[in-house]
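Just run-v4.cif here, mmCIF, C-alpha atoms:
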```cif
data_entry
#
loop_
_atom_site.group_PDB
_atom_site.id
_atom_site.type_symbol
_atom_site.label_atom_id
_atom_site.label_comp_id
_atom_site.auth_asym_id
_atom_site.auth_seq_id
_atom_site.Cartn_x
_atom_site.Cartn_y
_atom_site.Cartn_z
ATOM 1 C CA MET A 85 -1.548 -53.483 -101.083
ATOM 2 C CA LYS A 86 1.228 -54.579 -98.841
ATOM 3 C CA ASN A 87 2.736 -51.125 -98.904
ATOM 4 C CA THR A 88 -0.555 -49.572 -97.997
ATOM 5 C CA THR A 89 -0.952 -51.864 -95.006
ATOM 6 C CA GLN A 90 2.534 -51.027 -93.776
ATOM 7 C CA LYS A 91 1.810 -47.359 -94.039
ATOM 8 C CA VAL A 92 -1.398 -47.731 -91.953
ATOM 9 C CA GLU A 93 0.431 -49.769 -89.264
ATOM 10 C CA LYS A 94 3.197 -47.200 -89.140
ATOM 11 C CA ALA A 95 0.691 -44.412 -88.733
ATOM 12 C CA MET A 96 -1.064 -46.259 -85.915
ATOM 13 C CA THR A 97 2.217 -46.972 -84.194
ATOM 14 C CA GLY A 98 3.105 -43.308 -84.379
ATOM 15 C CA GLU A 99 -0.202 -42.340 -82.845
ATOM 16 C CA GLU A 100 0.307 -44.837 -79.992
ATOM 17 C CA ASN A 101 3.737 -43.417 -79.344
ATOM 18 C CA ALA A 102 2.345 -39.927 -79.368
ATOM 19 C CA ILE A 103 -0.389 -40.943 -76.937
ATOM 20 C CA GLU A 104 2.169 -42.560 -74.643
ATOM 21 C CA GLU A 105 4.293 -39.457 -74.808
ATOM 22 C CA ASN A 106 1.320 -37.275 -73.983
ATOM 23 C CA MET A 107 0.413 -39.541 -71.090
ATOM 24 C CA ALA A 108 3.969 -39.551 -69.827
ATOM 25 C CA GLU A 109 4.341 -35.770 -69.902
ATOM 26 C CA PRO A 110 1.683 -34.957 -67.191
ATOM 27 C CA GLY A 111 3.306 -37.439 -64.805
ATOM 28 C CA ALA A 112 6.660 -35.849 -65.292
ATOM 29 C CA ALA A 113 5.186 -32.420 -64.757
ATOM 30 C CA ALA A 114 3.534 -33.622 -61.531
ATOM 31 C CA ARG A 115 6.808 -35.014 -60.326
ATOM 32 C CA ASP A 116 8.476 -31.718 -61.113
ATOM 33 C CA ILE A 117 5.807 -29.834 -59.130
ATOM 34 C CA GLU A 118 6.172 -32.187 -56.158
ATOM 35 C CA THR A 119 9.930 -31.767 -56.246
ATOM 36 C CA ALA A 120 9.602 -27.997 -56.322
ATOM 37 C CA GLN A 121 7.123 -28.041 -53.417
ATOM 38 C CA GLU A 122 9.433 -30.266 -51.377
ATOM 39 C CA ALA A 123 12.334 -27.950 -52.060
ATOM 40 C CA GLU A 124 10.236 -24.942 -51.016
ATOM 41 C CA GLN A 125 9.167 -26.713 -47.793
ATOM 42 C CA VAL A 126 12.772 -27.531 -46.969
ATOM 43 C CA ARG A 127 13.740 -23.922 -47.620
ATOM 44 C CA ASP A 128 10.890 -22.614 -45.421
ATOM 45 C CA ALA A 129 11.771 -25.038 -42.639
ATOM 46 C CA THR A 130 15.399 -23.977 -42.782
ATOM 47 C CA ALA A 131 14.434 -20.307 -42.658
ATOM 48 C CA ALA A 132 12.050 -20.910 -39.758
ATOM 49 C CA GLN A 133 14.723 -22.817 -37.869
ATOM 50 C CA ALA A 134 17.162 -19.998 -38.463
ATOM 51 C CA THR A 135 14.579 -17.535 -37.141
ATOM 52 C CA VAL A 136 13.540 -19.560 -34.077
ATOM 53 C CA SER A 137 16.925 -20.897 -33.101
ATOM 54 C CA PRO A 138 19.138 -17.996 -31.976
ATOM 55 C CA SER A 139 22.810 -18.082 -32.486
ATOM 56 C CA GLU A 140 25.252 -18.821 -29.666
ATOM 57 C CA ASP A 141 26.224 -15.171 -29.505
ATOM 58 C CA GLU A 142 22.600 -14.112 -29.061
ATOM 59 C CA LEU A 143 22.165 -16.709 -26.307
ATOM 60 C CA GLU A 144 25.186 -15.339 -24.459
ATOM 61 C CA LYS A 145 23.853 -11.792 -24.732
ATOM 62 C CA ALA A 146 20.439 -12.869 -23.450
ATOM 63 C CA LYS A 147 22.067 -14.746 -20.551
ATOM 64 C CA ALA A 148 24.178 -11.716 -19.628
ATOM 65 C CA LYS A 149 21.098 -9.493 -19.732
ATOM 66 C CA ALA A 150 19.171 -11.889 -17.492
ATOM 67 C CA GLU A 151 22.031 -11.979 -14.978
ATOM 68 C CA GLU A 152 22.140 -8.175 -14.995
ATOM 69 C CA TYR A 153 18.398 -7.948 -14.272
ATOM 70 C CA TYR A 154 18.727 -10.564 -11.525
ATOM 71 C CA GLY A 155 21.536 -8.579 -9.915
ATOM 72 C CA GLN A 156 19.425 -5.419 -10.023
ATOM 73 C CA LEU A 157 16.528 -7.291 -8.422
ATOM 74 C CA GLN A 158 18.749 -8.556 -5.617
ATOM 75 C CA ARG A 159 20.064 -5.042 -4.941
ATOM 76 C CA LEU A 160 16.534 -3.627 -4.900
ATOM 77 C CA GLN A 161 15.411 -6.319 -2.488
ATOM 78 C CA ALA A 162 18.358 -5.616 -0.196
ATOM 79 C CA ASP A 163 17.629 -1.865 -0.293
ATOM 80 C CA PHE A 164 13.967 -2.504 0.521
ATOM 81 C CA ASP A 165 14.867 -4.760 3.468
ATOM 82 C CA ASN A 166 17.207 -2.081 4.836
ATOM 83 C CA TYR A 167 14.508 0.592 4.401
ATOM 84 C CA ARG A 168 11.914 -1.582 6.159
ATOM 85 C CA LYS A 169 14.226 -2.265 9.097
ATOM 86 C CA ARG A 170 15.141 1.423 9.368
ATOM 87 C CA THR A 171 11.518 2.576 9.349
ATOM 88 C CA GLN A 172 10.580 -0.032 11.951
ATOM 89 C CA ARG A 173 13.413 1.153 14.172
ATOM 90 C CA GLU A 174 12.414 4.800 13.730
ATOM 91 C CA LYS A 175 8.789 3.955 14.460
ATOM 92 C CA SER A 176 9.751 2.136 17.658
ATOM 93 C CA GLU A 177 11.872 5.083 18.760
ATOM 94 C CA LEU A 178 9.055 7.511 17.941
ATOM 95 C CA ILE A 179 6.588 5.545 20.048
ATOM 96 C CA MET A 180 9.091 5.212 22.870
ATOM 97 C CA TYR A 181 9.898 8.920 23.019
ATOM 98 C CA ALA A 182 6.564 10.375 21.834
ATOM 99 C CA THR A 183 5.928 11.940 25.257
ATOM 100 C CA GLU A 184 9.449 13.306 25.658
ATOM 101 C CA ARG A 185 8.515 16.931 24.962
ATOM 102 C CA LEU A 186 5.473 16.806 27.235
ATOM 103 C CA VAL A 187 7.450 15.292 30.108
ATOM 104 C CA LYS A 188 10.192 17.871 29.614
ATOM 105 C CA ASP A 189 7.610 20.690 29.752
ATOM 106 C CA LEU A 190 6.163 19.237 32.948
ATOM 107 C CA LEU A 191 9.516 19.138 34.729
ATOM 108 C CA PRO A 192 9.218 22.791 35.930
ATOM 109 C CA VAL A 193 5.785 21.914 37.322
ATOM 110 C CA LEU A 194 7.326 19.030 39.223
ATOM 111 C CA ASP A 195 9.987 21.402 40.548
ATOM 112 C CA ASN A 196 7.321 23.822 41.782
ATOM 113 C CA PHE A 197 5.417 21.030 43.500
ATOM 114 C CA GLU A 198 8.598 20.030 45.255
ATOM 115 C CA ARG A 199 9.238 23.623 46.382
ATOM 116 C CA ALA A 200 5.635 23.996 47.573
ATOM 117 C CA VAL A 201 5.879 20.855 49.695
ATOM 118 C CA GLU A 202 9.188 21.984 51.184
ATOM 119 C CA ALA A 203 7.797 25.468 51.901
ATOM 120 C CA ALA A 204 4.668 24.034 53.552
ATOM 121 C CA ALA A 205 6.847 21.851 55.770
ATOM 122 C CA ALA A 206 9.039 24.786 56.783
ATOM 123 C CA ASN A 207 6.219 27.365 57.129
ATOM 124 C CA PRO A 208 2.739 25.930 57.604
ATOM 125 C CA ASP A 209 0.986 28.977 56.181
ATOM 126 C CA PHE A 210 -2.180 27.777 54.460
ATOM 127 C CA ALA A 211 -2.587 30.961 52.410
ATOM 128 C CA SER A 212 0.893 30.698 50.943
ATOM 129 C CA PHE A 213 0.445 27.000 50.277
ATOM 130 C CA SER A 214 -2.900 27.586 48.602
ATOM 131 C CA GLN A 215 -1.384 30.303 46.448
ATOM 132 C CA GLY A 216 1.453 27.988 45.440
ATOM 133 C CA VAL A 217 -0.929 25.166 44.536
ATOM 134 C CA ASP A 218 -3.021 27.544 42.442
ATOM 135 C CA MET A 219 0.100 28.692 40.613
ATOM 136 C CA ILE A 220 1.083 25.077 39.916
ATOM 137 C CA PHE A 221 -2.418 24.259 38.665
ATOM 138 C CA ARG A 222 -2.348 27.133 36.186
ATOM 139 C CA GLN A 223 1.123 26.084 35.065
ATOM 140 C CA VAL A 224 0.005 22.498 34.406
ATOM 141 C CA ARG A 225 -3.082 23.762 32.567
ATOM 142 C CA ASP A 226 -0.959 25.975 30.319
ATOM 143 C CA VAL A 227 1.511 23.184 29.500
ATOM 144 C CA LEU A 228 -1.253 20.754 28.594
ATOM 145 C CA GLY A 229 -3.115 23.472 26.714
ATOM 146 C CA LYS A 230 -0.114 23.875 24.413
ATOM 147 C CA GLU A 231 -0.466 20.187 23.607
ATOM 148 C CA GLY A 232 -4.093 20.682 22.545
ATOM 149 C CA LEU A 233 -5.894 19.870 25.794
ATOM 150 C CA LYS A 234 -9.168 21.808 26.158
ATOM 151 C CA PRO A 235 -11.738 21.512 28.977
ATOM 152 C CA MET A 236 -15.399 20.987 28.105
ATOM 153 C CA GLU A 237 -17.987 23.556 29.089
ATOM 154 C CA ALA A 238 -20.853 21.428 30.380
ATOM 155 C CA VAL A 239 -23.102 23.182 32.932
ATOM 156 C CA GLY A 240 -26.164 24.691 31.297
ATOM 157 C CA LYS A 241 -25.524 22.831 28.032
ATOM 158 C CA PRO A 242 -27.840 20.177 26.548
ATOM 159 C CA PHE A 243 -26.796 16.643 27.427
ATOM 160 C CA ASP A 244 -24.871 14.981 24.587
ATOM 161 C CA PRO A 245 -24.084 11.262 24.980
ATOM 162 C CA ASN A 246 -21.111 11.713 22.661
ATOM 163 C CA LEU A 247 -19.542 14.195 25.094
ATOM 164 C CA HIS A 248 -21.061 13.454 28.463
ATOM 165 C CA GLU A 249 -21.724 10.561 30.784
ATOM 166 C CA ALA A 250 -24.836 11.024 32.943
ATOM 167 C CA VAL A 251 -24.252 9.728 36.477
ATOM 168 C CA GLN A 252 -27.580 11.007 37.813
ATOM 169 C CA ARG A 253 -30.886 12.585 36.735
ATOM 170 C CA ILE A 254 -32.744 14.990 39.002
ATOM 171 C CA GLU A 255 -35.836 17.157 38.939
ATOM 172 C CA SER A 256 -34.944 20.824 38.405
ATOM 173 C CA GLY A 257 -37.242 23.797 38.259
ATOM 174 C CA GLU A 258 -34.439 26.058 37.001
ATOM 175 C CA HIS A 259 -33.483 24.035 33.920
ATOM 176 C CA GLU A 260 -35.321 22.534 31.017
ATOM 177 C CA GLU A 261 -35.400 18.787 30.508
ATOM 178 C CA ASN A 262 -32.154 17.048 29.487
ATOM 179 C CA VAL A 263 -29.896 19.952 30.481
ATOM 180 C CA ILE A 264 -26.699 19.526 32.499
ATOM 181 C CA VAL A 265 -27.156 21.051 35.945
ATOM 182 C CA GLU A 266 -23.887 19.976 37.584
ATOM 183 C CA GLU A 267 -20.474 18.724 36.566
ATOM 184 C CA VAL A 268 -19.108 15.893 38.698
ATOM 185 C CA GLN A 269 -15.908 15.429 36.712
ATOM 186 C CA LYS A 270 -14.686 17.712 33.943
ATOM 187 C CA GLY A 271 -14.400 16.330 30.430
ATOM 188 C CA TYR A 272 -11.583 17.195 28.058
ATOM 189 C CA PHE A 273 -10.850 17.436 24.346
ATOM 190 C CA LEU A 274 -7.449 16.656 22.919
ATOM 191 C CA LYS A 275 -7.545 18.970 19.921
ATOM 192 C CA GLU A 276 -10.761 17.832 18.168
ATOM 193 C CA LYS A 277 -11.000 14.405 19.823
ATOM 194 C CA VAL A 278 -12.886 13.594 23.014
ATOM 195 C CA LEU A 279 -10.134 12.574 25.397
ATOM 196 C CA ARG A 280 -12.450 12.003 28.349
ATOM 197 C CA PRO A 281 -16.240 12.518 28.526
ATOM 198 C CA GLY A 282 -17.532 14.701 31.303
ATOM 199 C CA MET A 283 -19.415 13.066 34.197
ATOM 200 C CA VAL A 284 -22.539 15.139 34.735
ATOM 201 C CA ILE A 285 -25.901 15.378 36.459
ATOM 202 C CA VAL A 286 -28.824 15.961 34.099
ATOM 203 C CA SER A 287 -32.271 17.428 34.664
ATOM 204 C CA ASN A 288 -35.435 15.433 33.942
#
```

Can you give me the file's structure in the form of structure tokens?
Amino acid sequence: MKNTTQKVEKAMTGEENAIEENMAEPGAAARDIETAQEAEQVRDATAAQATVSPSEDELEKAKAKAEEYYGQLQRLQADFDNYRKRTQREKSELIMYATERLVKDLLPVLDNFERAVEAAAANPDFASFSQGVDMIFRQVRDVLGKEGLKPMEAVGKPFDPNLHEAVQRIESGEHEENVIVEEVQKGYFLKEKVLRPGMVIVSN
């Protein structure tokens, strides 16, 4: 009987030990998993740090590249400033001497006026003087015509407020209403632009 009891107690003790071992094994496995996860996190963090944090050599290369770009930017800015100053100077000179060719072309006209005045003083012949003035007029007209100056043809044309300025309106039996009957001052085009509107008298 005693032997039987000992055998039962031994069997129960063995079962308890087995249960404790079984209970202990999951905890150990969990600890192993946690340790492996921690090791993986440390490894990932190290790899990420290695990726994000460049080496000293890479930093030096990046710094040299930035300095190179900055130098290029400074040179471009200096070139642009020089170009801007040059174009402003050329523009000022162009405005200043824009009429140079026209004035040069009018110099012979000025010479002829001077000769006509001297000739009239020396020989008061009205016919000769009139002929000289007419020649000078045609010369001036030709010079300005080369520059694009064109006189307006107004008399007999319909009144156009874009081209003409009416200084008077009169009754006319020879013209229809709103037709230019007389030109007080000639209007001119400069190429396609109205340089000066003509001053005209218009029929009612």

Each residue of region 210-246 of chain A lying at most 7 Å from region 171-194 of chain A should get a row with its shortest atom-to-atom pair and the distance in Å to one decimal, counting all atoms listed in the file; could you produce that, ordered by chain and increasing number, as JSON lines?
```
{"residue": "A:Ile220", "atom": "CA", "partner": "A:Val193", "partner_atom": "CA", "distance": 6.2}
{"residue": "A:Gln223", "atom": "CA", "partner": "A:Val193", "partner_atom": "CA", "distance": 6.6}
{"residue": "A:Val224", "atom": "CA", "partner": "A:Val193", "partner_atom": "CA", "distance": 6.5}
{"residue": "A:Val227", "atom": "CA", "partner": "A:Asp189", "partner_atom": "CA", "distance": 6.6}
```

Check your understanding: Quick one: which residues end up in the PyMOL selection byres ((chain A and resi 235-237) around 6) for this structure, as a ChimeraX atom specification?
Key -> /A:234,238,271-272

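CA of Ile285 (chain A) is positioned 19.4 Å from CA of Phe273 (chain A).
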
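Note that the spacing between CA of Arg222 (chain A) and CA of Leu274 (chain A) amounts to 17.7 Å.
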
Put the listed atoms of region 144-149 of chain A in a box along x, y and z with 6 Å added on every side and give me the centre and edge lengths in Å to one decimal, as lines of an AutoDock Vina configuration file.
```
center_x = 22.8
center_y = -12.4
center_z = -22.2
size_x = 16.7
size_y = 17.8
size_z = 17.1
```

**Study point:** Given only C-alpha atoms as the counted atoms, nearest of A:Asp163, A:Val286, A:Asn196, A:Lys169 to Glu255 (chain A)
**Key:**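 Ranked by minimum distance to Glu255 (chain A), first place goes to A:Val286.
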
Check your understanding: Expressed in Å to a single decimal, how great is the separation between CA of His259 (chain A) and CA of Val284 (chain A)?
Key ->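 CA of Val284 (chain A) lies 14.1 Å from CA of His259 (chain A).
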
Assuming the chain letters and numbering stay as they are in my file, what does the PyMOL selection byres ((chain A and resi 242) around 6) actually select? List them as a compact mmCIF listing (two decimals) with C-alpha atoms, keeping the file's coordinate frame.
```
# COMPACT_ATOMS: atom_id res chain seq x y z
CA LYS A 241 -25.52 22.83 28.03
CA PHE A 243 -26.80 16.64 27.43
CA VAL A 263 -29.90 19.95 30.48
```

Point to revise | Top pick for closest residue to Met219 (chain A), considering A:Glu231, A:Arg159, A:Glu151, A:Arg199 and counting all atoms listed in the file | key: A:Arg199

Check your understanding: Pick from A:Ser287, A:Asp244, A:Phe221, A:Pro208: nearest to Glu258 (chain A), with all atoms listed in the file counted?
Key ->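 Between A:Ser287, A:Asp244, A:Phe221, A:Pro208, the residue approaching Glu258 (chain A) most closely is A:Ser287.
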
Check your understanding: For the file shown, what are the residues hit by the PyMOL selection byres ((chain A and resi 266) around 7), laid out as a list in words?
Key ->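 This file gives the following for the PyMOL selection byres ((chain A and resi 266) around 7): Val239, Ile264, Val265, Glu267, Val268, Val284 and Ile285 of chain A.
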